[in-house]
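> Enclosed is the structure file data.txt (compact mmCIF, C-alpha atoms and all ligand atoms).
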```
# COMPACT_ATOMS: atom_id res chain seq x y z
CA MET A 1 177.62 -79.63 -25.87
CA HIS A 2 175.25 -80.59 -23.08
CA GLU A 3 173.38 -83.87 -23.07
CA LEU A 4 169.60 -84.07 -23.15
CA THR A 5 167.88 -87.32 -22.27
CA ILE A 6 164.91 -87.62 -24.60
CA THR A 7 162.05 -90.09 -24.52
CA THR A 8 158.84 -90.11 -26.54
CA SER A 9 155.57 -92.00 -26.07
CA TRP A 10 152.62 -92.51 -28.38
CA ASP A 11 149.28 -93.79 -27.20
CA ASP A 12 146.63 -96.12 -28.60
CA GLY A 13 148.56 -97.95 -31.36
CA ASP A 14 146.66 -96.63 -34.37
CA VAL A 15 147.50 -97.07 -38.05
CA HIS A 16 149.69 -93.95 -38.17
CA CYS A 17 152.21 -95.35 -35.67
CA GLU A 18 154.48 -96.84 -38.33
CA ARG A 19 154.93 -93.44 -39.96
CA LEU A 20 155.78 -92.05 -36.54
CA ALA A 21 158.29 -94.86 -35.97
CA ASP A 22 159.89 -93.99 -39.33
CA LEU A 23 160.21 -90.36 -38.25
CA LEU A 24 161.79 -91.35 -34.93
CA ASP A 25 164.20 -93.72 -36.70
CA ARG A 26 165.29 -90.98 -39.12
CA HIS A 27 166.27 -88.88 -36.09
CA GLY A 28 167.74 -91.79 -34.16
CA LEU A 29 165.15 -91.38 -31.39
CA ALA A 30 163.42 -93.92 -29.19
CA GLY A 31 159.68 -94.39 -28.91
CA THR A 32 157.38 -96.22 -26.57
CA PHE A 33 154.08 -97.14 -28.19
CA TYR A 34 151.24 -97.80 -25.75
CA VAL A 35 148.87 -100.07 -27.61
CA SER A 36 145.33 -100.96 -26.57
CA ARG A 37 143.44 -103.71 -28.37
CA VAL A 38 140.71 -101.21 -29.20
CA SER A 39 141.95 -97.90 -30.55
CA PRO A 40 139.39 -95.15 -29.80
CA GLU A 41 140.13 -92.56 -32.51
CA ALA A 42 141.56 -94.33 -35.56
CA PRO A 43 141.80 -97.93 -36.77
CA ARG A 44 144.29 -99.93 -34.76
CA LEU A 45 147.55 -101.19 -36.20
CA PRO A 46 147.15 -104.83 -37.29
CA GLU A 47 148.83 -107.34 -34.98
CA ALA A 48 151.52 -108.18 -37.56
CA ALA A 49 152.48 -104.52 -37.66
CA ILE A 50 152.56 -104.31 -33.83
CA ARG A 51 154.96 -107.26 -33.91
CA ARG A 52 157.19 -105.51 -36.47
CA LEU A 53 157.10 -102.30 -34.45
CA SER A 54 158.23 -104.19 -31.34
CA GLY A 55 161.49 -104.97 -33.15
CA ARG A 56 162.23 -101.23 -33.49
CA HIS A 57 160.68 -99.56 -30.45
CA GLU A 58 159.19 -100.36 -27.06
CA ILE A 59 155.59 -101.57 -26.89
CA GLY A 60 153.70 -100.84 -23.67
CA GLY A 61 150.32 -101.80 -22.21
CA HIS A 62 147.30 -99.47 -22.47
CA THR A 63 144.47 -101.86 -21.42
CA LEU A 64 142.43 -103.96 -23.84
CA ARG A 65 139.38 -101.75 -24.45
CA HIS A 66 140.90 -98.35 -23.66
CA VAL A 67 138.76 -98.02 -20.53
CA ARG A 68 138.89 -95.40 -17.80
CA LEU A 69 140.39 -97.47 -15.02
CA ASP A 70 138.96 -95.20 -12.31
CA TRP A 71 135.41 -95.95 -13.50
CA VAL A 72 135.47 -99.75 -13.55
CA THR A 73 135.46 -102.28 -10.70
CA GLY A 74 138.74 -103.58 -9.27
CA ARG A 75 138.08 -106.88 -11.00
CA GLU A 76 137.52 -105.26 -14.39
CA ALA A 77 140.62 -103.09 -13.97
CA ARG A 78 142.67 -106.21 -13.23
CA ASP A 79 141.25 -108.02 -16.26
CA GLU A 80 142.08 -105.04 -18.48
CA ILE A 81 145.63 -104.62 -17.14
CA GLU A 82 146.55 -108.32 -16.97
CA GLY A 83 144.77 -108.97 -20.25
CA SER A 84 146.71 -106.25 -22.06
CA ARG A 85 150.04 -107.62 -20.82
CA ALA A 86 149.13 -111.18 -21.87
CA TRP A 87 147.80 -110.03 -25.25
CA LEU A 88 150.92 -107.98 -26.08
CA ALA A 89 153.22 -110.77 -24.89
CA ASP A 90 151.36 -113.06 -27.27
CA VAL A 91 151.50 -110.63 -30.20
CA THR A 92 155.12 -109.51 -29.84
CA GLY A 93 156.76 -112.33 -27.88
CA ILE A 94 157.90 -109.77 -25.30
CA PRO A 95 155.91 -109.19 -22.07
CA PRO A 96 155.64 -105.39 -21.80
CA THR A 97 157.01 -103.67 -18.69
CA SER A 98 155.69 -100.15 -19.32
CA PHE A 99 152.06 -99.14 -18.93
CA CYS A 100 150.05 -96.03 -19.69
CA TYR A 101 146.70 -95.24 -18.02
CA PRO A 102 144.02 -94.51 -20.66
CA TRP A 103 142.78 -90.90 -20.45
CA GLY A 104 145.50 -90.48 -17.79
CA LYS A 105 143.07 -91.84 -15.17
CA TRP A 106 144.30 -93.99 -12.28
CA THR A 107 143.61 -94.74 -8.62
CA PRO A 108 146.08 -96.06 -6.02
CA ARG A 109 144.49 -99.48 -6.43
CA VAL A 110 144.93 -99.38 -10.21
CA VAL A 111 148.62 -98.51 -9.76
CA GLU A 112 149.08 -101.47 -7.39
CA THR A 113 147.35 -103.78 -9.85
CA ALA A 114 149.70 -102.63 -12.62
CA ARG A 115 152.66 -103.27 -10.33
CA GLU A 116 151.41 -106.74 -9.35
CA THR A 117 150.85 -107.56 -13.01
CA GLY A 118 154.56 -107.03 -13.72
CA PHE A 119 154.64 -103.48 -15.02
CA THR A 120 157.64 -101.56 -13.66
CA TYR A 121 156.99 -98.17 -15.27
CA GLY A 122 153.75 -96.21 -15.55
CA ARG A 123 153.09 -93.05 -17.54
CA THR A 124 150.44 -90.50 -16.65
CA ILE A 125 149.47 -87.41 -18.68
CA GLU A 126 150.88 -85.02 -16.11
CA HIS A 127 152.37 -82.11 -18.01
CA LEU A 128 155.54 -80.06 -17.29
CA SER A 129 156.53 -82.66 -14.73
CA MET A 130 159.81 -81.25 -13.45
CA ARG A 131 160.51 -83.52 -10.48
CA PRO A 132 161.51 -87.18 -10.43
CA PRO A 133 158.45 -89.34 -9.73
CA GLY A 134 158.12 -90.69 -6.20
CA ASP A 135 156.89 -93.89 -7.83
CA ARG A 136 158.10 -95.20 -11.21
CA LEU A 137 154.53 -96.34 -11.87
CA LEU A 138 153.43 -92.68 -11.84
CA ASP A 139 155.82 -90.81 -14.09
CA GLY A 140 154.69 -87.58 -15.71
CA THR A 141 155.68 -86.02 -19.02
CA THR A 142 157.15 -82.77 -20.25
CA SER A 143 154.55 -82.03 -22.90
CA GLN A 144 151.98 -83.40 -25.29
CA THR A 145 152.54 -82.52 -28.94
CA LEU A 146 149.22 -80.62 -28.96
CA PRO A 147 148.52 -77.67 -26.68
CA GLN A 148 145.69 -78.25 -24.18
CA VAL A 149 143.87 -75.55 -22.26
CA TYR A 150 143.94 -77.54 -19.01
CA TYR A 151 147.74 -77.43 -19.02
CA LEU A 152 147.75 -73.66 -18.60
CA PRO A 153 147.59 -73.46 -14.75
CA ARG A 154 150.70 -75.60 -14.45
CA LEU A 155 152.54 -73.49 -17.00
CA LEU A 156 151.68 -70.37 -15.01
CA ARG A 157 152.65 -72.00 -11.70
CA LEU A 158 156.02 -73.04 -13.08
CA GLY A 159 156.64 -69.33 -13.64
CA ASP A 160 159.39 -69.85 -16.23
CA LEU A 161 159.28 -66.62 -18.24
CA ARG A 162 161.25 -67.96 -21.19
CA LEU A 163 158.83 -70.86 -21.49
CA LEU A 164 155.83 -68.52 -21.24
CA ALA A 165 157.27 -66.26 -23.93
CA ALA A 166 157.94 -69.27 -26.15
CA ALA A 167 154.29 -70.32 -26.03
CA ARG A 168 153.59 -68.15 -29.10
CA THR A 169 154.30 -71.13 -31.35
CA ARG A 170 154.17 -74.84 -30.64
CA GLU A 171 157.67 -75.39 -31.95
CA THR A 172 159.34 -72.71 -29.79
CA PHE A 173 157.31 -73.88 -26.79
CA LEU A 174 158.46 -77.49 -27.13
CA VAL A 175 162.12 -76.47 -27.53
CA GLU A 176 161.88 -74.30 -24.41
CA ALA A 177 160.07 -77.08 -22.54
CA ALA A 178 163.06 -79.32 -23.37
CA ARG A 179 165.41 -76.61 -22.06
CA CYS A 180 163.31 -76.33 -18.90
CA ALA A 181 163.48 -80.10 -18.30
CA HIS A 182 167.21 -80.18 -19.08
CA ASP A 183 167.97 -77.34 -16.63
CA ARG A 184 166.19 -79.29 -13.91
CA GLY A 185 168.02 -82.53 -14.64
CA ARG A 186 164.90 -84.15 -16.07
CA PRO A 187 164.45 -86.01 -19.34
CA PHE A 188 162.46 -84.34 -22.09
CA HIS A 189 159.38 -86.55 -22.39
CA LEU A 190 157.24 -85.74 -25.41
CA TRP A 191 154.01 -87.67 -25.83
CA GLY A 192 151.04 -87.69 -28.14
CA HIS A 193 149.00 -89.82 -30.49
CA ALA A 194 150.00 -90.73 -34.02
CA TRP A 195 146.37 -90.12 -35.13
CA GLU A 196 146.61 -86.66 -33.61
CA VAL A 197 149.84 -85.88 -35.46
CA GLU A 198 148.06 -86.91 -38.65
CA ARG A 199 144.78 -85.10 -37.91
CA PHE A 200 146.40 -81.84 -36.85
CA GLY A 201 149.17 -81.91 -39.44
CA GLN A 202 152.09 -82.06 -37.00
CA TRP A 203 154.49 -84.21 -39.09
CA ASP A 204 156.66 -81.31 -40.28
CA LEU A 205 156.56 -79.70 -36.85
CA LEU A 206 157.96 -82.85 -35.23
CA ASP A 207 160.58 -83.24 -37.95
CA ARG A 208 161.79 -79.67 -37.37
CA LEU A 209 161.58 -80.01 -33.59
CA PHE A 210 163.77 -83.12 -33.52
CA SER A 211 166.36 -81.43 -35.79
CA GLU A 212 166.33 -78.34 -33.58
CA LEU A 213 166.86 -80.39 -30.41
CA ALA A 214 169.76 -82.27 -32.02
CA ALA A 215 171.35 -78.94 -32.98
CA ARG A 216 171.21 -77.72 -29.37
CA TRP A 217 172.04 -80.83 -27.38
CA ARG A 218 173.76 -84.15 -27.64
CA LEU A 219 170.66 -86.31 -27.46
CA ARG A 220 170.51 -89.44 -25.33
CA PRO A 221 167.40 -91.29 -26.54
CA VAL A 222 165.81 -93.75 -24.11
CA GLN A 223 162.62 -95.74 -24.15
CA ASN A 224 160.14 -95.00 -21.35
CA GLY A 225 160.96 -98.30 -19.68
CA ALA A 226 164.64 -97.27 -19.36
CA LEU A 227 163.89 -93.91 -17.70
CA GLY A 228 165.74 -93.53 -14.47
CA THR A 229 168.26 -96.14 -15.56
CA PRO A 230 171.75 -94.56 -15.71
CA SER A 231 173.57 -94.67 -19.03
CA PRO A 232 176.27 -97.39 -19.18
ZN ZN B 1 144.92 -93.70 -25.06
```
Written as structure tokens, that's how I'd like the structure from this file.
Ligand SMILES: [Zn+2]

Amino acid sequence: MHELTITTSWDDGDVHCERLADLLDRHGLAGTFYVSRVSPEAPRLPEAAIRRLSGRHEIGGHTLRHVRLDWVTGREARDEIEGSRAWLADVTGIPPTSFCYPWGKWTPRVVETARETGFTYGRTIEHLSMRPPGDRLLDGTTSQTLPQVYYLPRLLRLGDLRLLAAARTRETFLVEAARCAHDRGRPFHLWGHAWEVERFGQWDLLDRLFSELAARWRLRPVQNGALGTPSP
């Protein structure tokens, strides 16, 4: 049985994250939860719950106010990035090393600020990312849990007919996206938002997806921050 490296990341740190962590734990998977102090779409997880979550999964920075870092001044970007690291270190006792750019927006200067702040891994919202990142602070993903229209050009460019054919359902698409990543020696990186899973009723879909992946591959779960680190 072939091995599939699998990593998952969940943005914003809303109140549905604990249910998501439970789901990951049931499947023996690893999660990285990118928590901002202000959660834009659903109430944020209380700090005590963020602390508990940090004992089970990785917590990463996602700014304080969930701002678009390409729209603010360099000074504001630094305050948001440094502030989020200090806040999470205070809440969890662990300074985070992984960072996710809100709305997927970054500039070269923002990336350097994240690096200077002490972050060693950065996640974008690039989709169907099938090459190793040139910079660990700019890693892409395999797929979001939800389909997005703006991902279509990349899907077409990739030109993988099995993946195109699998797009008829979300579940078959995600399994084929994992196969696509595996065949190219890449981890399967699934990302989303816990509030989105709740709002769009994706709990059963994820449960079935994780079972399906485990039936096809020997899964090697890693947190985002361990991506690129060889297994011992
Ligand atoms: Zn976000």
> Using all atoms listed in the file, which of A:Ala214, A:Val38, A:Leu128, A:Leu205 sits nearest ligand ZN 1 (chain B)?
A:Val38
> Around ligand ZN 1 (chain B), which protein and nucleic acid residues have at least one atom no more than 6 Å from it, if we count only C-alpha atoms and all ligand atoms? List them as a list in words.
Asp11, Asp12, Pro102 and Trp103 of chain A
> How many Å separate atom CA of A:Arg131 from atom CA of A:Arg170?
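Separating atom CA of A:Arg131 from atom CA of A:Arg170 is a distance of 22.8 Å.
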> Just to confirm, what's the straight-line distance from atom CA of A:Gly28 to atom CA of A:Ser211 in Å (one decimal)?
10.6 Å
> For A:Arg68, which of A:Gly134, A:Pro221, A:Gly118, A:Gly104 is the closest residue, counting only C-alpha atoms?
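Of A:Gly134, A:Pro221, A:Gly118, A:Gly104, the one nearest A:Arg68 is A:Gly104, counting only C-alpha atoms.
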> Here is a test: counting only C-alpha atoms, which residue of A:Tyr150, A:Trp106, A:Trp10, A:Phe200 is nearest to A:His127?
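Of the candidates, the smallest distance to A:His127 is held by A:Tyr150.
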> Name all residues at most 9 Å from A:Phe119 (count only C-alpha atoms; drop same-chain ones fewer than 6 positions away) and give them as a PDB file with C-alpha atoms, in the frame of the given file.

```
ATOM      1  CA  GLY A  61     150.320-101.800 -22.210  1.00  0.00           C
ATOM      2  CA  ARG A  85     150.040-107.620 -20.820  1.00  0.00           C
ATOM      3  CA  PRO A  96     155.640-105.390 -21.800  1.00  0.00           C
ATOM      4  CA  THR A  97     157.010-103.670 -18.690  1.00  0.00           C
ATOM      5  CA  SER A  98     155.690-100.150 -19.320  1.00  0.00           C
ATOM      6  CA  PHE A  99     152.060 -99.140 -18.930  1.00  0.00           C
ATOM      7  CA  THR A 113     147.350-103.780  -9.850  1.00  0.00           C
ATOM      8  CA  LEU A 137     154.530 -96.340 -11.870  1.00  0.00           C
TER       9      LEU A 137
END
```
> Enter the distance from atom CA of A:Gln144 to atom CA of A:Trp191, in Å, rounded to one decimal.
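Value for the atom CA of A:Gln144-atom CA of A:Trp191 distance: 4.8 Å.
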> Would you list the residues near (165.2, -93.6, -30.8), meaning any protein, DNA or RNA residue with an atom at most 8 Å from that point in file coordinates, counting all atoms listed in the file, as a PyMOL selection string?
chain A and resi 7+24-25+27-31+57+221-223
> Pick from A:Gln148, A:Thr141, A:Ser84, A:Thr32: nearest to A:Ala167, with only C-alpha atoms counted?
A:Gln148
> For A:Arg51, which residue among A:Asp90, A:Asp22, A:Asp14, A:Glu82 is the nearest when counting all atoms listed in the file?
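Comparing A:Asp90, A:Asp22, A:Asp14, A:Glu82 against A:Arg51, the winner is A:Asp90.
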> Can you pull out the residues contacting stretch 179-186 of chain A? Cut-off 10 Å, using only C-alpha atoms, and skip same-chain residues under 5 positions away; I want them as a PyMOL selection string.
chain A and resi 2-6+128-132+141-142+158+160+162-163+173-174+213+216-217+227-228
> Taking only C-alpha atoms into account, which of A:Val197, A:Val15, A:Ile81, A:Leu161 comes nearest A:Leu45?
A:Val15
> Residues at most 6 Å from A:His62, counting all atoms listed in the file, excluding those fewer than 3 positions away in the same chain, as a compact mmCIF listing (two decimals) with C-alpha atoms, keeping the file's coordinate frame?

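selection38.txt was written with the following content:
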```
# COMPACT_ATOMS: atom_id res chain seq x y z
CA TYR A 34 151.24 -97.80 -25.75
CA VAL A 35 148.87 -100.07 -27.61
CA SER A 36 145.33 -100.96 -26.57
CA PHE A 99 152.06 -99.14 -18.93
CA CYS A 100 150.05 -96.03 -19.69
```
> For A:Pro108, work out the shell of residues within 12 Å, counting all atoms listed in the file and skipping chain neighbours fewer than 4 positions away, then give it as an MDAnalysis selection string.
chainID A and resid 69:70 74 77 112:115 135 137:138
> Do a neighbour search on A:Glu18 at 9 Å with all atoms listed in the file, toss out local chain neighbours closer than 6 positions, and write the hits as a PyMOL selection string.
chain A and resi 45+49-50+53+194
> Start from the incomplete input, build N, CA, C and O atoms for stretch 133-154 of chain A, and deliver everything as a tab-separated table (two decimals), in the coordinates of the input.

```
chain	number	residue	atom	x	y	z
A	133	PRO	N	159.66	-88.78	-10.34
A	133	PRO	CA	158.45	-89.34	-9.73
A	133	PRO	C	158.80	-90.04	-8.42
A	133	PRO	O	159.84	-90.67	-8.31
A	134	GLY	N	157.92	-89.95	-7.43
A	134	GLY	CA	158.12	-90.69	-6.20
A	134	GLY	C	157.95	-92.18	-6.45
A	134	GLY	O	158.49	-93.01	-5.74
A	135	ASP	N	157.20	-92.50	-7.49
A	135	ASP	CA	156.89	-93.89	-7.83
A	135	ASP	C	157.06	-94.05	-9.34
A	135	ASP	O	156.48	-93.28	-10.11
A	136	ARG	N	157.86	-95.01	-9.76
A	136	ARG	CA	158.10	-95.20	-11.21
A	136	ARG	C	156.82	-95.56	-11.96
A	136	ARG	O	156.76	-95.48	-13.18
A	137	LEU	N	155.81	-96.00	-11.24
A	137	LEU	CA	154.53	-96.34	-11.87
A	137	LEU	C	153.68	-95.09	-12.09
A	137	LEU	O	152.55	-95.18	-12.58
A	138	LEU	N	154.19	-93.93	-11.68
A	138	LEU	CA	153.43	-92.68	-11.84
A	138	LEU	C	154.35	-91.58	-12.36
A	138	LEU	O	154.51	-90.53	-11.74
A	139	ASP	N	154.93	-91.81	-13.52
A	139	ASP	CA	155.82	-90.81	-14.09
A	139	ASP	C	155.02	-89.84	-14.96
A	139	ASP	O	154.10	-90.25	-15.68
A	140	GLY	N	155.36	-88.58	-14.88
A	140	GLY	CA	154.69	-87.58	-15.71
A	140	GLY	C	155.47	-87.34	-17.00
A	140	GLY	O	156.42	-88.05	-17.31
A	141	THR	N	155.06	-86.32	-17.73
A	141	THR	CA	155.68	-86.02	-19.02
A	141	THR	C	156.12	-84.56	-19.04
A	141	THR	O	155.79	-83.80	-18.13
A	142	THR	N	156.84	-84.19	-20.08
A	142	THR	CA	157.15	-82.77	-20.25
A	142	THR	C	156.02	-82.09	-21.01
A	142	THR	O	155.50	-81.06	-20.59
A	143	SER	N	155.62	-82.66	-22.13
A	143	SER	CA	154.55	-82.03	-22.90
A	143	SER	C	153.92	-82.99	-23.91
A	143	SER	O	154.58	-83.88	-24.42
A	144	GLN	N	152.66	-82.74	-24.18
A	144	GLN	CA	151.98	-83.40	-25.29
A	144	GLN	C	152.34	-82.62	-26.56
A	144	GLN	O	152.71	-81.44	-26.48
A	145	THR	N	152.24	-83.25	-27.70
A	145	THR	CA	152.54	-82.52	-28.94
A	145	THR	C	151.53	-81.38	-29.14
A	145	THR	O	151.90	-80.30	-29.56
A	146	LEU	N	150.26	-81.64	-28.80
A	146	LEU	CA	149.22	-80.62	-28.96
A	146	LEU	C	149.09	-79.77	-27.71
A	146	LEU	O	149.24	-80.27	-26.61
A	147	PRO	N	148.79	-78.48	-27.86
A	147	PRO	CA	148.52	-77.67	-26.68
A	147	PRO	C	147.13	-78.01	-26.11
A	147	PRO	O	146.22	-78.31	-26.87
A	148	GLN	N	146.98	-77.99	-24.81
A	148	GLN	CA	145.69	-78.25	-24.18
A	148	GLN	C	145.44	-77.15	-23.16
A	148	GLN	O	146.32	-76.81	-22.39
A	149	VAL	N	144.22	-76.66	-23.16
A	149	VAL	CA	143.87	-75.55	-22.26
A	149	VAL	C	144.11	-75.91	-20.79
A	149	VAL	O	144.58	-75.10	-20.00
A	150	TYR	N	143.82	-77.17	-20.43
A	150	TYR	CA	143.94	-77.54	-19.01
A	150	TYR	C	145.39	-77.65	-18.54
A	150	TYR	O	145.65	-77.90	-17.37
A	151	TYR	N	146.34	-77.45	-19.45
A	151	TYR	CA	147.74	-77.43	-19.02
A	151	TYR	C	148.17	-76.04	-18.57
A	151	TYR	O	149.23	-75.87	-17.99
A	152	LEU	N	147.35	-75.04	-18.84
A	152	LEU	CA	147.75	-73.66	-18.60
A	152	LEU	C	148.09	-73.35	-17.13
A	152	LEU	O	149.11	-72.72	-16.85
A	153	PRO	N	147.27	-73.79	-16.15
A	153	PRO	CA	147.59	-73.46	-14.75
A	153	PRO	C	149.00	-73.92	-14.35
A	153	PRO	O	149.71	-73.20	-13.67
A	154	ARG	N	149.38	-75.08	-14.81
A	154	ARG	CA	150.70	-75.60	-14.45
A	154	ARG	C	151.80	-74.75	-15.09
A	154	ARG	O	152.84	-74.50	-14.48
```
